[in-house]
Amino acid sequence: MPRQLPIHERFHSFQGECCHAGRAAFFIRTYGCPVHCPWCDSAGTWHPDHKPQAINRIEALALAEEAAVARPAFVVITGGEPTIHDLTPLTEALHAIDLPVHLETSGAFPIRGQFDWITLSPKRWKLPLEQNLSRADEFKIIVDAPGAIDEYLAACPPPPGVPIWLHPEWNISTDPAILDAITARVKTSGDPFRAGWQLHKPYAADALDPRSVPEK
Ligand code: SF4
């Protein structure tokens, strides 16, 4: 079982999205993603034009030690698409020091590792596996067109009761058509729909940690 992971960046910040927004978190962003969303805000993890000169491979225990120093409320494993890697050694190392572990994933690949919270954000370029839908604690739909909400609800229905966050795609996050579509859905349908935002971006919260990498 591999104990090293390719790591793009890790940083101590706060969760800027969804149910745990505003809480202190240590982020571990793995390298690699085969989904290739055209508006990806983590293109440094996969796009040939943004590939870093060197990709760090870091032991699970070393990552857990860094997280322990940060003393966050929880750790977020994100990407890239983190589930292309076997995350079992890392989640075991983090749980061994009593840190809750959250996962952010497209859901398109089998999930390996134990997680206390799973945010599933489906992407039309590689839709979630059926087996992962029921594991989601919350859904996050990136609204990149007014019709995206209905498109995703039809393509990969969330399990009953989980919050469904509607986030404007950041490059068009001031587009009235996008914001109006989100507002209308929340007003007309109520729960489980929630209007979302990427709170960490206006704060530039990630950039305060020198281990973070500027977005591509
Ligand atoms: S799944 Fe996430 S990391 Fe991968 S291309 Fe899409 S937005 Fe980027």
# chains A, B, ... in the order shown; residues from 1 in each chain; ligands from 1
>>> residues_around(residues="Ala207 (chain A)", least_positions_apart="6", cutoff="12 Å", atoms="only C-alpha atoms", output="number ranges by chain")
A: 9-14, 200-201, 213-215
>>> write_last_selection(atoms="C-alpha atoms", output="short mmCIF file (atom, residue, chain, number, x, y, z; two decimals), in the first residue's frame")
data_model
loop_
_atom_site.label_atom_id
_atom_site.label_comp_id
_atom_site.auth_asym_id
_atom_site.auth_seq_id
_atom_site.Cartn_x
_atom_site.Cartn_y
_atom_site.Cartn_z
CA GLU A 9 0.11 22.02 -1.75
CA ARG A 10 -1.01 21.97 1.84
CA PHE A 11 -1.96 24.92 3.99
CA HIS A 12 -3.64 25.99 7.19
CA SER A 13 -6.68 28.14 6.52
CA PHE A 14 -10.43 27.95 6.98
CA HIS A 200 -12.03 31.98 1.27
CA LYS A 201 -11.45 33.74 -2.06
CA VAL A 213 0.39 27.59 -4.41
CA PRO A 214 -1.30 30.46 -6.30
CA GLU A 215 -4.34 29.37 -8.31
#
>>> select_by_dssp(residues="region 55-204 of chain A", states="strand (DSSP E or B)", output="NGL selection string")
:A and (56-59 or 74-78 or 101-105 or 117-120 or 123 or 126 or 138-143 or 164-168 or 193-195)
>>> closest_residue(among="A:Leu5, A:Ala136, A:Ile111, A:Leu199", to="Gly161 (chain A)", atoms="only C-alpha atoms")
A:Ala136
>>> residues_around(residues="region 170-184 of chain A", least_positions_apart="6", cutoff="10 Å", atoms="only C-alpha atoms", output="compact mmCIF listing (two decimals) with C-alpha atoms, in the first residue's frame")
# COMPACT_ATOMS: atom_id res chain seq x y z
CA TRP A 39 -12.88 26.32 -15.67
CA CYS A 40 -10.86 24.39 -13.06
CA ASP A 41 -9.47 26.69 -10.35
CA ILE A 142 -21.00 24.35 -9.62
CA VAL A 143 -23.49 26.45 -11.56
CA ASP A 144 -21.72 27.38 -14.79
CA ALA A 145 -24.95 27.87 -16.76
CA PRO A 146 -28.53 28.53 -15.66
CA GLY A 147 -29.51 24.99 -16.72
CA ALA A 148 -26.73 23.29 -14.77
CA ILE A 149 -28.84 22.73 -11.64
CA GLY A 190 -36.38 25.74 -0.31
CA PHE A 193 -31.11 23.83 -1.73
CA ARG A 194 -28.72 26.46 -0.39
CA ALA A 195 -27.02 29.37 -2.11
CA GLY A 196 -23.26 29.03 -1.82
CA TRP A 197 -20.11 31.10 -2.14
CA GLN A 198 -16.36 30.60 -1.98
CA LYS A 201 -11.45 33.74 -2.06
>>> closest_residue(among="A:Arg71, A:Arg112, A:Arg23, A:His8", to="ligand 1", atoms="only C-alpha atoms and all ligand atoms")
A:His8
>>> select_by_dssp(residues="region 12-200 of chain A", states="alpha helix (DSSP H)", output="PyMOL selection string")
chain A and resi 60-70+88-96+130-133+148-155+176-189+200
>>> atom_distance(atom1="CA of Pro210 (chain A)", atom2="CA of Pro82 (chain A)")
21.6 Å
>>> residues_around(residues="Asn132 (chain A)", least_positions_apart="2", cutoff="12 Å", atoms="only C-alpha atoms", output="PyMOL selection string")
chain A and resi 83+105-112+118-122+127-130+134-139+156-159
>>> write_last_selection(atoms="C-alpha atoms", output="PDB file, in the first residue's frame")
ATOM      1  CA  THR A  83      -9.679   9.628  -4.926  1.00  0.00           C
ATOM      2  CA  THR A 105     -14.389  14.774  -4.555  1.00  0.00           C
ATOM      3  CA  SER A 106     -16.137  14.623  -7.892  1.00  0.00           C
ATOM      4  CA  GLY A 107     -17.232  11.128  -6.890  1.00  0.00           C
ATOM      5  CA  ALA A 108     -16.049   9.724 -10.202  1.00  0.00           C
ATOM      6  CA  PHE A 109     -13.650   7.143  -8.734  1.00  0.00           C
ATOM      7  CA  PRO A 110     -13.812   4.559  -5.928  1.00  0.00           C
ATOM      8  CA  ILE A 111     -13.202   6.139  -2.524  1.00  0.00           C
ATOM      9  CA  ARG A 112     -10.420   4.485  -0.522  1.00  0.00           C
ATOM     10  CA  ILE A 118     -17.750  13.835   2.199  1.00  0.00           C
ATOM     11  CA  THR A 119     -18.517  16.767  -0.088  1.00  0.00           C
ATOM     12  CA  LEU A 120     -19.453  15.451  -3.513  1.00  0.00           C
ATOM     13  CA  SER A 121     -19.268  17.939  -6.360  1.00  0.00           C
ATOM     14  CA  PRO A 122     -20.341  16.235  -9.591  1.00  0.00           C
ATOM     15  CA  LEU A 127     -20.051  11.822 -13.542  1.00  0.00           C
ATOM     16  CA  PRO A 128     -20.057  10.253 -10.052  1.00  0.00           C
ATOM     17  CA  LEU A 129     -20.126   6.514  -9.528  1.00  0.00           C
ATOM     18  CA  GLU A 130     -23.481   5.259  -8.262  1.00  0.00           C
ATOM     19  CA  SER A 134     -25.162   7.604  -1.134  1.00  0.00           C
ATOM     20  CA  ARG A 135     -21.926   8.375   0.740  1.00  0.00           C
ATOM     21  CA  ALA A 136     -22.231  12.124   0.251  1.00  0.00           C
ATOM     22  CA  ASP A 137     -22.905  14.283   3.316  1.00  0.00           C
ATOM     23  CA  GLU A 138     -23.486  17.279   1.094  1.00  0.00           C
ATOM     24  CA  PHE A 139     -23.676  18.031  -2.633  1.00  0.00           C
ATOM     25  CA  CYS A 156     -26.782  12.149 -10.551  1.00  0.00           C
ATOM     26  CA  PRO A 157     -29.619  12.565  -8.037  1.00  0.00           C
ATOM     27  CA  PRO A 158     -28.340  13.268  -4.507  1.00  0.00           C
ATOM     28  CA  PRO A 159     -29.540  11.052  -1.646  1.00  0.00           C
TER      29      PRO A 159
END
>>> decode(residues="region 174-209 of chain A", atoms="C-alpha atoms", output="tab-separated table (two decimals), in the first residue's frame")
chain	number	residue	atom	x	y	z
A	174	THR	CA	-21.15	38.12	-10.79
A	175	ASP	CA	-23.21	37.06	-13.83
A	176	PRO	CA	-26.84	37.96	-13.05
A	177	ALA	CA	-28.14	34.97	-15.03
A	178	ILE	CA	-26.18	32.58	-12.81
A	179	LEU	CA	-27.02	34.33	-9.56
A	180	ASP	CA	-30.69	34.65	-10.51
A	181	ALA	CA	-30.89	30.93	-11.33
A	182	ILE	CA	-29.49	30.06	-7.89
A	183	THR	CA	-31.73	32.54	-6.10
A	184	ALA	CA	-34.82	31.31	-7.93
A	185	ARG	CA	-34.12	27.67	-7.09
A	186	VAL	CA	-33.59	28.38	-3.41
A	187	LYS	CA	-36.70	30.57	-3.21
A	188	THR	CA	-39.00	28.22	-5.10
A	189	SER	CA	-37.74	24.87	-3.76
A	190	GLY	CA	-36.38	25.74	-0.31
A	191	ASP	CA	-34.55	22.91	1.48
A	192	PRO	CA	-32.33	21.09	0.63
A	193	PHE	CA	-31.11	23.83	-1.73
A	194	ARG	CA	-28.72	26.46	-0.39
A	195	ALA	CA	-27.02	29.37	-2.11
A	196	GLY	CA	-23.26	29.03	-1.82
A	197	TRP	CA	-20.11	31.10	-2.14
A	198	GLN	CA	-16.36	30.60	-1.98
A	199	LEU	CA	-15.78	32.64	1.14
A	200	HIS	CA	-12.03	31.98	1.27
A	201	LYS	CA	-11.45	33.74	-2.06
A	202	PRO	CA	-12.25	37.34	-1.08
A	203	TYR	CA	-10.31	36.71	2.14
A	204	ALA	CA	-7.35	35.29	0.14
A	205	ALA	CA	-7.14	33.01	3.14
A	206	ASP	CA	-5.09	30.24	1.51
A	207	ALA	CA	-2.38	32.62	0.32
A	208	LEU	CA	-1.37	33.48	3.88
A	209	ASP	CA	0.33	30.09	4.26
